[in-house]
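See below for target_17.pdb, which holds PDB, C-alpha atoms.
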```pdb
ATOM      1  CA  MET X   1      30.384  52.387  29.846  1.00  0.00           C
ATOM      2  CA  ASN X   2      27.021  53.800  28.881  1.00  0.00           C
ATOM      3  CA  ASN X   3      28.115  54.043  25.256  1.00  0.00           C
ATOM      4  CA  THR X   4      29.120  50.360  25.214  1.00  0.00           C
ATOM      5  CA  ASN X   5      25.771  49.264  26.642  1.00  0.00           C
ATOM      6  CA  ASN X   6      23.863  51.421  24.184  1.00  0.00           C
ATOM      7  CA  GLY X   7      25.911  49.958  21.360  1.00  0.00           C
ATOM      8  CA  PHE X   8      25.200  46.397  22.516  1.00  0.00           C
ATOM      9  CA  ARG X   9      21.523  47.125  22.847  1.00  0.00           C
ATOM     10  CA  GLY X  10      21.493  48.621  19.377  1.00  0.00           C
ATOM     11  CA  ARG X  11      23.093  45.541  17.875  1.00  0.00           C
ATOM     12  CA  ALA X  12      20.740  43.206  19.751  1.00  0.00           C
ATOM     13  CA  SER X  13      17.694  45.099  18.556  1.00  0.00           C
ATOM     14  CA  ILE X  14      18.942  44.799  14.968  1.00  0.00           C
ATOM     15  CA  ARG X  15      19.666  41.061  15.214  1.00  0.00           C
ATOM     16  CA  ILE X  16      16.176  40.088  16.312  1.00  0.00           C
ATOM     17  CA  PRO X  17      14.384  41.494  13.262  1.00  0.00           C
ATOM     18  CA  VAL X  18      17.023  40.014  10.936  1.00  0.00           C
ATOM     19  CA  CYS X  19      16.413  36.563  12.458  1.00  0.00           C
ATOM     20  CA  VAL X  20      12.661  36.975  12.053  1.00  0.00           C
ATOM     21  CA  ILE X  21      13.076  38.114   8.441  1.00  0.00           C
ATOM     22  CA  GLY X  22      15.441  35.207   7.739  1.00  0.00           C
ATOM     23  CA  PHE X  23      12.959  32.704   9.179  1.00  0.00           C
ATOM     24  CA  ALA X  24      10.113  34.208   7.137  1.00  0.00           C
ATOM     25  CA  ALA X  25      12.237  34.013   3.994  1.00  0.00           C
ATOM     26  CA  ILE X  26      12.948  30.303   4.620  1.00  0.00           C
ATOM     27  CA  LEU X  27       9.225  29.624   5.098  1.00  0.00           C
ATOM     28  CA  ALA X  28       8.436  31.488   1.879  1.00  0.00           C
ATOM     29  CA  LEU X  29      10.988  29.399  -0.007  1.00  0.00           C
ATOM     30  CA  ILE X  30       9.578  26.140   1.365  1.00  0.00           C
ATOM     31  CA  CYS X  31       6.010  27.115   0.445  1.00  0.00           C
ATOM     32  CA  GLY X  32       7.080  28.510  -2.902  1.00  0.00           C
ATOM     33  CA  ASN X  33       8.717  25.217  -3.830  1.00  0.00           C
ATOM     34  CA  GLY X  34       5.963  23.055  -2.461  1.00  0.00           C
ATOM     35  CA  CYS X  35       2.461  24.138  -1.648  1.00  0.00           C
ATOM     36  CA  ALA X  36       1.894  27.637  -3.005  1.00  0.00           C
ATOM     37  CA  ASN X  37       3.346  27.563  -6.510  1.00  0.00           C
ATOM     38  CA  ALA X  38       0.836  25.272  -8.213  1.00  0.00           C
ATOM     39  CA  SER X  39      -2.045  26.442 -10.394  1.00  0.00           C
ATOM     40  CA  VAL X  40      -4.746  24.456 -12.173  1.00  0.00           C
ATOM     41  CA  THR X  41      -7.273  26.173 -14.438  1.00  0.00           C
ATOM     42  CA  MET X  42     -10.037  24.402 -16.317  1.00  0.00           C
ATOM     43  CA  GLN X  43     -12.723  25.075 -18.916  1.00  0.00           C
ATOM     44  CA  SER X  44     -15.389  22.442 -19.457  1.00  0.00           C
ATOM     45  CA  ASN X  45     -18.231  21.787 -21.859  1.00  0.00           C
ATOM     46  CA  LYS X  46     -21.060  19.278 -21.418  1.00  0.00           C
ATOM     47  CA  ASN X  47     -23.983  17.770 -23.259  1.00  0.00           C
ATOM     48  CA  ALA X  48     -26.749  19.020 -20.951  1.00  0.00           C
ATOM     49  CA  ALA X  49     -29.227  16.442 -22.227  1.00  0.00           C
ATOM     50  CA  ALA X  50     -26.871  13.596 -21.280  1.00  0.00           C
ATOM     51  CA  VAL X  51     -26.071  14.637 -17.714  1.00  0.00           C
ATOM     52  CA  ARG X  52     -26.667  11.903 -15.134  1.00  0.00           C
ATOM     53  CA  PRO X  53     -24.873  10.922 -11.911  1.00  0.00           C
ATOM     54  CA  ILE X  54     -22.012   8.463 -12.343  1.00  0.00           C
ATOM     55  CA  ARG X  55     -21.817   5.529  -9.927  1.00  0.00           C
ATOM     56  CA  ARG X  56     -18.929   3.527 -11.434  1.00  0.00           C
ATOM     57  CA  LEU X  57     -16.178   5.397 -13.249  1.00  0.00           C
ATOM     58  CA  TYR X  58     -13.218   3.928 -15.085  1.00  0.00           C
ATOM     59  CA  VAL X  59     -10.319   6.370 -15.518  1.00  0.00           C
ATOM     60  CA  LEU X  60      -7.602   6.135 -18.162  1.00  0.00           C
ATOM     61  CA  ILE X  61      -4.525   8.328 -17.654  1.00  0.00           C
ATOM     62  CA  GLN X  62      -2.312   8.945 -20.668  1.00  0.00           C
ATOM     63  CA  GLN X  63       0.744  10.982 -19.763  1.00  0.00           C
ATOM     64  CA  ASP X  64       3.549   8.521 -20.386  1.00  0.00           C
ATOM     65  CA  ALA X  65       4.759  10.574 -23.378  1.00  0.00           C
ATOM     66  CA  LEU X  66       5.759  13.364 -21.004  1.00  0.00           C
ATOM     67  CA  GLU X  67       7.170  10.995 -18.395  1.00  0.00           C
ATOM     68  CA  LYS X  68       9.527   9.583 -21.014  1.00  0.00           C
ATOM     69  CA  GLN X  69      10.992  13.011 -21.820  1.00  0.00           C
ATOM     70  CA  PRO X  70      14.558  13.595 -20.562  1.00  0.00           C
ATOM     71  CA  LEU X  71      13.480  15.542 -17.488  1.00  0.00           C
ATOM     72  CA  SER X  72      15.570  16.426 -14.487  1.00  0.00           C
ATOM     73  CA  LYS X  73      15.759  13.673 -11.872  1.00  0.00           C
ATOM     74  CA  LYS X  74      13.739  15.669  -9.351  1.00  0.00           C
ATOM     75  CA  SER X  75      10.901  16.356 -11.813  1.00  0.00           C
ATOM     76  CA  SER X  76      10.782  12.878 -13.311  1.00  0.00           C
ATOM     77  CA  GLU X  77      10.553  11.283  -9.885  1.00  0.00           C
ATOM     78  CA  GLN X  78       7.502  13.415  -9.071  1.00  0.00           C
ATOM     79  CA  LEU X  79       5.798  13.356 -12.464  1.00  0.00           C
ATOM     80  CA  LYS X  80       4.348   9.897 -12.041  1.00  0.00           C
ATOM     81  CA  SER X  81       0.888   8.947 -13.176  1.00  0.00           C
ATOM     82  CA  ASP X  82       0.350   7.006  -9.965  1.00  0.00           C
ATOM     83  CA  VAL X  83       0.412  10.303  -8.016  1.00  0.00           C
ATOM     84  CA  LEU X  84      -2.478  11.608 -10.101  1.00  0.00           C
ATOM     85  CA  ALA X  85      -4.219   8.231  -9.931  1.00  0.00           C
ATOM     86  CA  ALA X  86      -4.011   8.040  -6.132  1.00  0.00           C
ATOM     87  CA  ASN X  87      -5.389  11.558  -5.718  1.00  0.00           C
ATOM     88  CA  LEU X  88      -8.233  10.914  -8.168  1.00  0.00           C
ATOM     89  CA  GLN X  89      -9.106   7.683  -6.333  1.00  0.00           C
ATOM     90  CA  ASN X  90      -9.246   9.620  -3.052  1.00  0.00           C
ATOM     91  CA  CYS X  91     -11.414  12.414  -4.450  1.00  0.00           C
ATOM     92  CA  LEU X  92     -13.824  10.067  -6.209  1.00  0.00           C
ATOM     93  CA  SER X  93     -14.271   7.718  -3.252  1.00  0.00           C
ATOM     94  CA  SER X  94     -15.008  10.658  -0.951  1.00  0.00           C
ATOM     95  CA  ASN X  95     -17.778  11.580  -3.418  1.00  0.00           C
ATOM     96  CA  SER X  96     -19.295   8.055  -3.340  1.00  0.00           C
ATOM     97  CA  VAL X  97     -18.084   7.133  -6.828  1.00  0.00           C
ATOM     98  CA  GLN X  98     -16.577   3.682  -7.255  1.00  0.00           C
ATOM     99  CA  SER X  99     -13.578   3.956  -9.540  1.00  0.00           C
ATOM    100  CA  LYS X 100     -10.851   1.961 -11.165  1.00  0.00           C
ATOM    101  CA  ILE X 101      -7.846   3.675 -12.716  1.00  0.00           C
ATOM    102  CA  SER X 102      -5.418   2.478 -15.366  1.00  0.00           C
ATOM    103  CA  VAL X 103      -2.308   4.208 -16.612  1.00  0.00           C
ATOM    104  CA  VAL X 104      -2.217   3.749 -20.371  1.00  0.00           C
ATOM    105  CA  ASP X 105       0.994   2.653 -22.021  1.00  0.00           C
ATOM    106  CA  LEU X 106       0.888   4.063 -25.538  1.00  0.00           C
ATOM    107  CA  LEU X 107       3.358   1.377 -26.633  1.00  0.00           C
ATOM    108  CA  ALA X 108       1.202  -1.494 -25.383  1.00  0.00           C
ATOM    109  CA  LEU X 109       0.830  -4.222 -27.999  1.00  0.00           C
ATOM    110  CA  ASP X 110      -2.744  -5.092 -27.071  1.00  0.00           C
ATOM    111  CA  GLU X 111      -4.927  -1.973 -27.013  1.00  0.00           C
ATOM    112  CA  LYS X 112      -8.074  -4.000 -26.266  1.00  0.00           C
ATOM    113  CA  ILE X 113      -6.819  -4.844 -22.785  1.00  0.00           C
ATOM    114  CA  TYR X 114      -8.349  -1.602 -21.481  1.00  0.00           C
ATOM    115  CA  GLU X 115     -11.696  -2.299 -23.170  1.00  0.00           C
ATOM    116  CA  THR X 116     -11.817  -5.635 -21.358  1.00  0.00           C
ATOM    117  CA  LYS X 117     -10.986  -3.996 -18.015  1.00  0.00           C
ATOM    118  CA  ILE X 118     -13.695  -1.374 -18.537  1.00  0.00           C
ATOM    119  CA  GLN X 119     -16.305  -4.046 -19.288  1.00  0.00           C
ATOM    120  CA  GLU X 120     -15.254  -6.201 -16.342  1.00  0.00           C
ATOM    121  CA  PHE X 121     -15.677  -3.205 -14.020  1.00  0.00           C
ATOM    122  CA  TYR X 122     -19.240  -2.575 -15.315  1.00  0.00           C
ATOM    123  CA  SER X 123     -18.499   1.121 -15.749  1.00  0.00           C
ATOM    124  CA  ASP X 124     -21.186   3.772 -16.207  1.00  0.00           C
ATOM    125  CA  ALA X 125     -18.622   6.032 -17.835  1.00  0.00           C
ATOM    126  CA  VAL X 126     -14.963   6.307 -18.782  1.00  0.00           C
ATOM    127  CA  LEU X 127     -12.864   9.385 -18.054  1.00  0.00           C
ATOM    128  CA  VAL X 128      -9.849   9.762 -20.344  1.00  0.00           C
ATOM    129  CA  ILE X 129      -7.159  12.212 -19.203  1.00  0.00           C
ATOM    130  CA  GLY X 130      -4.378  12.862 -21.688  1.00  0.00           C
ATOM    131  CA  ILE X 131      -1.650  15.410 -22.362  1.00  0.00           C
ATOM    132  CA  LYS X 132      -2.132  17.777 -25.301  1.00  0.00           C
ATOM    133  CA  ASN X 133       1.215  19.524 -24.944  1.00  0.00           C
ATOM    134  CA  GLY X 134       3.678  20.807 -22.409  1.00  0.00           C
ATOM    135  CA  VAL X 135       6.555  23.202 -21.916  1.00  0.00           C
ATOM    136  CA  ILE X 136       9.901  21.823 -20.786  1.00  0.00           C
ATOM    137  CA  ASP X 137      12.277  24.445 -19.398  1.00  0.00           C
ATOM    138  CA  GLN X 138      16.058  24.595 -19.748  1.00  0.00           C
ATOM    139  CA  PHE X 139      16.498  22.638 -16.517  1.00  0.00           C
ATOM    140  CA  GLY X 140      14.337  19.723 -17.679  1.00  0.00           C
ATOM    141  CA  GLY X 141      11.307  20.732 -15.619  1.00  0.00           C
ATOM    142  CA  THR X 142       7.717  21.186 -16.788  1.00  0.00           C
ATOM    143  CA  PRO X 143       6.348  24.588 -15.746  1.00  0.00           C
ATOM    144  CA  MET X 144       3.204  24.164 -17.888  1.00  0.00           C
ATOM    145  CA  ILE X 145       1.286  21.046 -18.950  1.00  0.00           C
ATOM    146  CA  CYS X 146      -1.948  21.212 -20.973  1.00  0.00           C
ATOM    147  CA  TYR X 147      -4.378  18.303 -20.599  1.00  0.00           C
ATOM    148  CA  ASP X 148      -7.507  17.200 -22.417  1.00  0.00           C
ATOM    149  CA  ALA X 149     -10.084  15.307 -20.330  1.00  0.00           C
ATOM    150  CA  LYS X 150     -13.106  13.562 -21.886  1.00  0.00           C
ATOM    151  CA  LEU X 151     -15.985  11.683 -20.299  1.00  0.00           C
ATOM    152  CA  TYR X 152     -17.467   8.826 -22.324  1.00  0.00           C
ATOM    153  CA  ASP X 153     -20.911   7.560 -21.344  1.00  0.00           C
ATOM    154  CA  GLU X 154     -20.935   3.765 -21.663  1.00  0.00           C
ATOM    155  CA  ILE X 155     -24.727   3.565 -21.902  1.00  0.00           C
ATOM    156  CA  LEU X 156     -25.185   6.345 -24.484  1.00  0.00           C
ATOM    157  CA  ARG X 157     -21.986   5.290 -26.284  1.00  0.00           C
ATOM    158  CA  LYS X 158     -20.759   8.844 -26.763  1.00  0.00           C
ATOM    159  CA  TYR X 159     -18.673  11.597 -25.173  1.00  0.00           C
ATOM    160  CA  VAL X 160     -20.789  13.796 -22.914  1.00  0.00           C
ATOM    161  CA  TRP X 161     -18.199  16.070 -21.233  1.00  0.00           C
ATOM    162  CA  ARG X 162     -14.855  17.577 -22.112  1.00  0.00           C
ATOM    163  CA  ALA X 163     -12.392  19.834 -20.305  1.00  0.00           C
ATOM    164  CA  ALA X 164      -9.220  21.706 -21.218  1.00  0.00           C
ATOM    165  CA  ILE X 165      -6.884  21.800 -18.214  1.00  0.00           C
ATOM    166  CA  ASN X 166      -3.776  23.925 -17.693  1.00  0.00           C
ATOM    167  CA  ASN X 167      -1.496  22.657 -14.941  1.00  0.00           C
ATOM    168  CA  SER X 168       1.321  25.079 -14.140  1.00  0.00           C
ATOM    169  CA  GLY X 169       3.774  25.901 -11.384  1.00  0.00           C
ATOM    170  CA  ASP X 170       7.075  24.850  -9.910  1.00  0.00           C
ATOM    171  CA  PRO X 171       8.387  21.689 -11.642  1.00  0.00           C
ATOM    172  CA  GLY X 172       9.649  20.568  -8.235  1.00  0.00           C
ATOM    173  CA  ALA X 173       6.110  20.678  -6.798  1.00  0.00           C
ATOM    174  CA  MET X 174       4.610  18.112  -9.150  1.00  0.00           C
ATOM    175  CA  ASP X 175       2.972  16.130  -6.324  1.00  0.00           C
ATOM    176  CA  GLN X 176       0.996  19.214  -5.292  1.00  0.00           C
ATOM    177  CA  ARG X 177       0.168  20.008  -8.921  1.00  0.00           C
ATOM    178  CA  MET X 178      -1.207  16.501  -9.513  1.00  0.00           C
ATOM    179  CA  GLN X 179      -3.218  16.701  -6.290  1.00  0.00           C
ATOM    180  CA  LYS X 180      -4.703  20.065  -7.271  1.00  0.00           C
ATOM    181  CA  MET X 181      -5.596  18.725 -10.692  1.00  0.00           C
ATOM    182  CA  ALA X 182      -7.382  15.685  -9.265  1.00  0.00           C
ATOM    183  CA  VAL X 183      -9.411  17.899  -6.924  1.00  0.00           C
ATOM    184  CA  ALA X 184     -10.249  20.309  -9.767  1.00  0.00           C
ATOM    185  CA  ILE X 185     -11.408  17.543 -12.140  1.00  0.00           C
ATOM    186  CA  VAL X 186     -13.724  15.951  -9.582  1.00  0.00           C
ATOM    187  CA  ALA X 187     -15.057  19.354  -8.488  1.00  0.00           C
ATOM    188  CA  GLN X 188     -15.837  20.263 -12.098  1.00  0.00           C
ATOM    189  CA  LEU X 189     -17.582  16.944 -12.756  1.00  0.00           C
ATOM    190  CA  ARG X 190     -19.660  17.589  -9.645  1.00  0.00           C
ATOM    191  CA  ALA X 191     -20.434  21.177 -10.693  1.00  0.00           C
ATOM    192  CA  ASP X 192     -21.478  19.940 -14.149  1.00  0.00           C
ATOM    193  CA  GLY X 193     -23.872  17.366 -12.638  1.00  0.00           C
ATOM    194  CA  PHE X 194     -22.014  14.098 -13.282  1.00  0.00           C
ATOM    195  CA  ILE X 195     -21.243  13.513  -9.593  1.00  0.00           C
ATOM    196  CA  GLU X 196     -23.974  13.881  -7.006  1.00  0.00           C
ATOM    197  CA  THR X 197     -23.503  16.614  -4.423  1.00  0.00           C
ATOM    198  CA  GLN X 198     -23.579  15.156  -0.925  1.00  0.00           C
TER     199      GLN X 198
END
```
So that I can check it, write out the structure of this file as C-alpha cells.
Amino acid sequence: MNNTNNGFRGRASIRIPVCVIGFAAILALICGNGCANASVTMQSNKNAAAVRPIRRLYVLIQQDALEKQPLSKKSSEQLKSDVLAANLQNCLSSNSVQSKISVVDLLALDEKIYETKIQEFYSDAVLVIGIKNGVIDQFGGTPMICYDAKLYDEILRKYVWRAAINNSGDPGAMDQRMQKMAVAIVAQLRADGFIETQ
C-alpha cells in the first residue's frame, strides 16, 4: 500500500513541472511568433545646419514592389503599407506633428498627383520611405527588409536627413515589425532635432 502511494506521489510530482514547462513553451512560441522576434536597426545622417522642428509632415511610403512579390498568404496579409502608415500617424500625432500619409503606387500614370497633395497640405517637409532590397525565404516570407528614408525640406528645397533601416524578424510578425519601425523612425527624427521633444 505504501509503495503504491509513493508511486502515485512520484508521478504527481513529475506531472506538475511538465505542465509548467509545457505552458512556458507555449508562451515562448506565442511571443516568438509575435512580439519578441522583431528587430529594427537604423543609421541616420543629417545636415546639422538645416535642422529645424517640423510642424506639418507629408509621408510617402513606397513598398508596393515588395507587396507584389509572390509571398505566402500569411505574410502578404500582414505586409501592408497601411499598417506602417497607421503606426506612423500615431507616433507623429503623439509628438504634436500634423501629418498626412500616402502610399505610392509606382505604376501610377500621374506622378504629379503626390506633388499636388503635398502642396495642398502646406507641408514643412516630406518624408520618403522606400525599400532598397529584401530577402524572401523559401516559404515566401521576408525575414529581412532594408529601407531608405529621406527627409526633404520644402522651404530649403533639399534633402536634410537620411536613414538606412534594417527591419528583420519573423515574417509572420509583420504587424509588430512595422510598428517597431514607425516608432524607431519618429524617435530618430526627434533625436536628430527635427521633432521637438515634449
Quiz prompt | Test item: residues at most 6 Å from range 175-190 of chain X, all atoms listed in the file, excluding those fewer than 3 positions along its chain, as a ChimeraX atom specification | solution = /X:38,40,78,84,87-88,193-195
Exercise. Compare X:Ile118, X:Leu156, X:Ile145, X:Leu151 by their minimum atom-to-atom distance to Ser44 in chain X, counting only C-alpha atoms, and give me the closest one.
Key: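 So, comparing all the options, the nearest one is X:Leu151.
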Quiz item: So how many Å separate CA of Tyr114 in chain X and CA of Gln43 in chain X, to one decimal?
Solution: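 Answer for the CA of Tyr114 in chain X to CA of Gln43 in chain X separation: 27.2 Å.
In this comparison, which uses only C-alpha atoms, the residue of X:Val59, X:Val103, X:Ile113, X:Ala48 approaching Val128 in chain X most closely is X:Val59.
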Could you list, as a PDB file with C-alpha atoms, in the coordinates of the input, every residue matched by the PyMOL selection byres ((chain X and resi 146) around 6) in this structure?
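And here's out20.pdb as it stands now:
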```pdb
ATOM      1  CA  ILE X 131      -1.650  15.410 -22.362  1.00  0.00           C
ATOM      2  CA  LYS X 132      -2.132  17.777 -25.301  1.00  0.00           C
ATOM      3  CA  ASN X 133       1.215  19.524 -24.944  1.00  0.00           C
ATOM      4  CA  GLY X 134       3.678  20.807 -22.409  1.00  0.00           C
ATOM      5  CA  ILE X 145       1.286  21.046 -18.950  1.00  0.00           C
ATOM      6  CA  TYR X 147      -4.378  18.303 -20.599  1.00  0.00           C
ATOM      7  CA  ILE X 165      -6.884  21.800 -18.214  1.00  0.00           C
ATOM      8  CA  ASN X 166      -3.776  23.925 -17.693  1.00  0.00           C
TER       9      ASN X 166
END
```
Quiz item: the PyMOL selection byres ((chain X and resi 52) around 10) on the file shown: which residues, as an MDAnalysis selection string?
Solution: chainID X and resid 48:51 53:55 124 153 160 192:196
